[in-house]
Structures are given as structure tokens and as C-alpha cells.
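**Student:** One structure is given below, represented as C-alpha cells, and several questions about it will come after.
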Amino acid sequence: MRFTQVKKLGTLDVLRAHLDALGVELPVAAAVDPAGVLASPVDVGGAGDRVLTAPNRFAVLPMEGWDAGTDGRPTDLVRRRWDRFASSGCGLVWGEATAVRPDGRANPNQLAIDETTVDDIAALRARLAPEQVAGLQLTHSGRWSRPEGAPAPRTAYAHPFLDARSSADASDVLTDDELDELVGCYVDAAVLAGQAGFDFVDVKHCHGYLLHELLSAHDRPGRFGGDLDGRTRFLRSVVAGIRDRAPDLAVGLRLSAFDLMPFVAGEGGVGVPDGVGPYRLAFGGDGTGLGLDLTEPHQLLDLVEELGIGLVSTTAGSPYYNPHVQRPAYFPPSDGYQPPEDPLVGVARQLAATAELAAAHPRLTIVGSGYSYLQEWLPQVAQAVVAGGGASMVGLGRMVLSYPDLPADVLAGRPLQPRMVCRTFSDCTTAPRNGLVSGCYPLDPFYKDHPQRVELTRAKQQAKARLR
């Protein structure tokens, strides 16, 4: 199954005709005003007497690095990435996933924050421009934990589809006492992040990691499962601890606003659902496993407002079991599946869900995501979304790895540099899943010349051979 690549939709009329044929709506501005809404400042929350203001509407999204030291400290590769964040022109830098304790790392080379690493992580913050609002994403990877390279899952509940994929069993479910202890780890990490100079921390609830999984723990007994009050107890406990110990530190939330059931490669390598409905385990899902119901996400954002959280970044799904939902791409990772839908359908799905949440929660500053596949159309869609209230800010993930200067070029009125535009080749995912450092091997000259590019090419060839 092949779809028309977005880079071939060269005019606005052609793009709109293609969207009409797909039956999806996507806001697109006819032109971008460099001095318009994308260049305007926006308040992004705060705490205590502090109000945080981003100087423009572009944000670096939090990504998972695979190139820190095994001790959790930044390396030169991490520092290079943060230098590119600093020069990007983005008004907000949502710093990458940082484990709150070693056993919660998703890979052996993920950042981790504790008393021994805090000064090194503070040095990352110092590399950013003073006017950039900066946060740090705090995480425990839950069932996807691989702190030493092999699966070491800790789960919120037994999952009928995902336990086998993550080598989990009933003994890996965290007890209520263990979750209480982990709350303390999050609070300790947040205090250290504040000491390191970050403006806010993100209590990560996305992409199938532990706290996102708690949101669908309907059948979990005890204090952290059952109704939404129980399933959000962890978040409320962490925020209360931060307010007590670091009252001037703002809190943000990166949220998978909806999920679908897991997918697997079917005939021809195309993704198909791993089972049939009903499916109750998708937060923001409609119970079928394939549709959306944002009732509970709206209720969660009501709680977020009550907790005094002003900044939310929306995303969807998980890179581990339905990547086409989370990260629309024409070229999937080598261990994934071919997209079952035109990637623009996935982009439109994320933008529409974010717009619905933003309309109902106007006091929140909402950072949207899912924009990279838009490629040359990204600025026009970004302007239309923000101008129409569909999001407060536009978040960039993969795009900022290949083309960190895109926001700066847009805001300066310069034309885009086509050779740097992310084409969603997914090498930035394929490489680390094969034990290699993360980066944009196809487009970033640094990684084009990196010695591990040869190993990446070999790994991709082996993956293709397995599919034949």
C-alpha cells in the first residue's frame, strides 16, 4: 500500500484536493506572516510569583535520547543537540526524557537526574538562550524499561496484548507502596531540576510509559486504579509534593490525549490491529480500540487546571505498539509496519483532538504535535492552527533534529531549506533500536559522516531481508 508523499503536493490547490479526497480537514494558511501570530509571545504558566512567557509560538518537543553516558550524564552528542535547540529560534525548549531513577530508563544511554548528575544537567540548561523557557521531562519507562539493554518491565497492570511484547508478567506490576515510593522519586527529581535552573518539569503521561499506562488502569485494585480519581492519584501526589518542596517551579504535562489498540504487521507488512474490540485499555479511546472519545481527557484537563498546571503538550498513542498514530510517517522504523493510512490522516487526527481540547480549556497553554510529516507545509499549517485557536504553540520533534533552524527561518521571513526538511525516514528511531546513537543520519551532515551510519545501513538491510 503506497500513499502520495506530502512533498509531492506542491501547491495549495493540490494539497487541498488531496485532503478532500482523503476526507480530512486540515487548516492551512495561504501564506505565512513572519511578524504574525507565530512571532507573538505567549504565557506558558508559572508558579509562585513567576509568570513564564515564551517569546514566540514554536517549541522543541521532548524526545528520548540514546546517547548519554551509562551513568546518566550528558555526552558531547547530547550537548550538541541542546546547542541546536538553543539556536533553533524556538521560544520554548521542552527538554528530553530524563529518568527519575536508574531502573526507569528506556535505554542504557538515557539521561537520568540525581545528586551526581544534576550539575551536568544544569550545564545543559545553561547552553540555552536566556529568553527560552526551558523544562525537563521526568519519566519512568514502566513496561518499556531497558536500563541495561534487556527488557526490565515494571507495569501498572497486566495487559492482554502488551505483556508478551515487553516480556512482562504479573510479578512486574508495581504495588501501591512501590508507587508511593516512586512519587517521592519524581518529587526529588523535580527539586533537583529546579536547582538546575529549569523553569518547569513535565510529569510525563504519554507513549505507553508508566504514568500513561496508569490512566487506563481501570481494573487495577487499590489506590492507583479504578475510577479516574484513582488513576490520577499519582499525578496529584507528585504535584502536591512539588508545590510543597519547590513552590516556584512550574509543572507541565505531556499527555497522550488518546490511544488506539496495538497494531502489528499484517499482509504486505501493513499495520493491522492486534486483535478485535471491544478494547477498554486506550485512554481517550471509544472502547472499540480504533476510535476516539475525549471525555476522560477533558476531565483530566479539568483536573490539570485545578492543580494549577498551565502548560500541556498533546501527543497520542505509543511508538512501541501503534507508531503510525503517534508519529505519522511515510517511512516506518525498520522494526515497525507500513502505515495503514495516509500519514496526513494521522496528522489531522492529532490536530483535531488538540483543537477540541484547546477550545474547551482556553486557560491552558497547549503545545500541539504531529507536525513534522507536513514538511514544507508545516509553517502554513502552524500559522492557521495557532491563529484559529487550535493550539497555543506548535511543537517540533523530528523536524528539529534535521532542521533545527526552521523556526528561526520562518520568523525571519526566510525561505525554507528543502535539503534539511525532515522527510520522516525514521532513521532517528531505527538507529537507537539497533543500539546506535540517535540522530538524523540522512540529512544532518554530522550524522551522515558518523561511523555508526555503516552499522545503521547494515541493520536496515537485515530488517528488509527478514520481511522478504
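Note on naming: chains are A, B, ... as they come in the C-alpha cells, residues start from 1 per chain, ligands start from 1 in the order shown.
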Could you give me, as a ChimeraX atom specification, the residues within 12 Å of Gln383 of chain A, counting only C-alpha atoms and dropping anything in the same chain fewer than 4 positions from it?
**Tutor:** /A:26-40,56-58,371,377-379,387-394,407,410-411
**Student:** Skipping near chain neighbours, those fewer than 6 positions away, what residues fall within 9 Å of Leu294 of chain A using only C-alpha atoms, listed as a list in words?
**Tutor:**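 Non-adjacent residues within range: Ala257, Phe258, Phe283, Gly284, Gly285, Asp286, Ala353, Glu356 and Leu357 of chain A.
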**Student:** Given the selection you just returned, output its residues as a file containing C-alpha atoms, formatted as an mmCIF file, in the first residue's frame.
**Tutor:**
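Contents of result17.cif, freshly written:
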```cif
data_model
loop_
_atom_site.group_PDB
_atom_site.id
_atom_site.type_symbol
_atom_site.label_atom_id
_atom_site.label_comp_id
_atom_site.auth_asym_id
_atom_site.auth_seq_id
_atom_site.Cartn_x
_atom_site.Cartn_y
_atom_site.Cartn_z
ATOM 1 C CA ALA A 257 -4.559 12.629 24.678
ATOM 2 C CA PHE A 258 -5.868 9.477 23.020
ATOM 3 C CA PHE A 283 -7.145 6.257 27.400
ATOM 4 C CA GLY A 284 -9.122 8.658 25.210
ATOM 5 C CA GLY A 285 -10.481 5.765 23.165
ATOM 6 C CA ASP A 286 -14.090 4.934 22.407
ATOM 7 C CA ALA A 353 -8.082 16.295 19.009
ATOM 8 C CA GLU A 356 -11.055 20.195 20.661
ATOM 9 C CA LEU A 357 -9.152 20.165 23.955
#
```
**Student:** Can you tell me which residues surround Cys422 of chain A at a distance of at most 8 Å, considering only C-alpha atoms, apart from same-chain residues fewer than 6 positions away, and format the answer as a list in words?
**Tutor:**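 Non-adjacent residues within range: Ser372, Tyr373, Gln375, Arg398, Met399, Ser402, Tyr403 and Leu443 of chain A.
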**Student:** So which bits of segment 330-381 of chain A end up strand (DSSP E or B) when you DSSP the backbone, as a ChimeraX atom specification?
**Tutor:** /A:338,365-368
**Student:** Mind listing the alpha helix (DSSP H) residues of segment 2-139 of chain A, per DSSP on the backbone, as a PyMOL selection string?
**Tutor:** chain A and resi 12-22+76-87+118-127
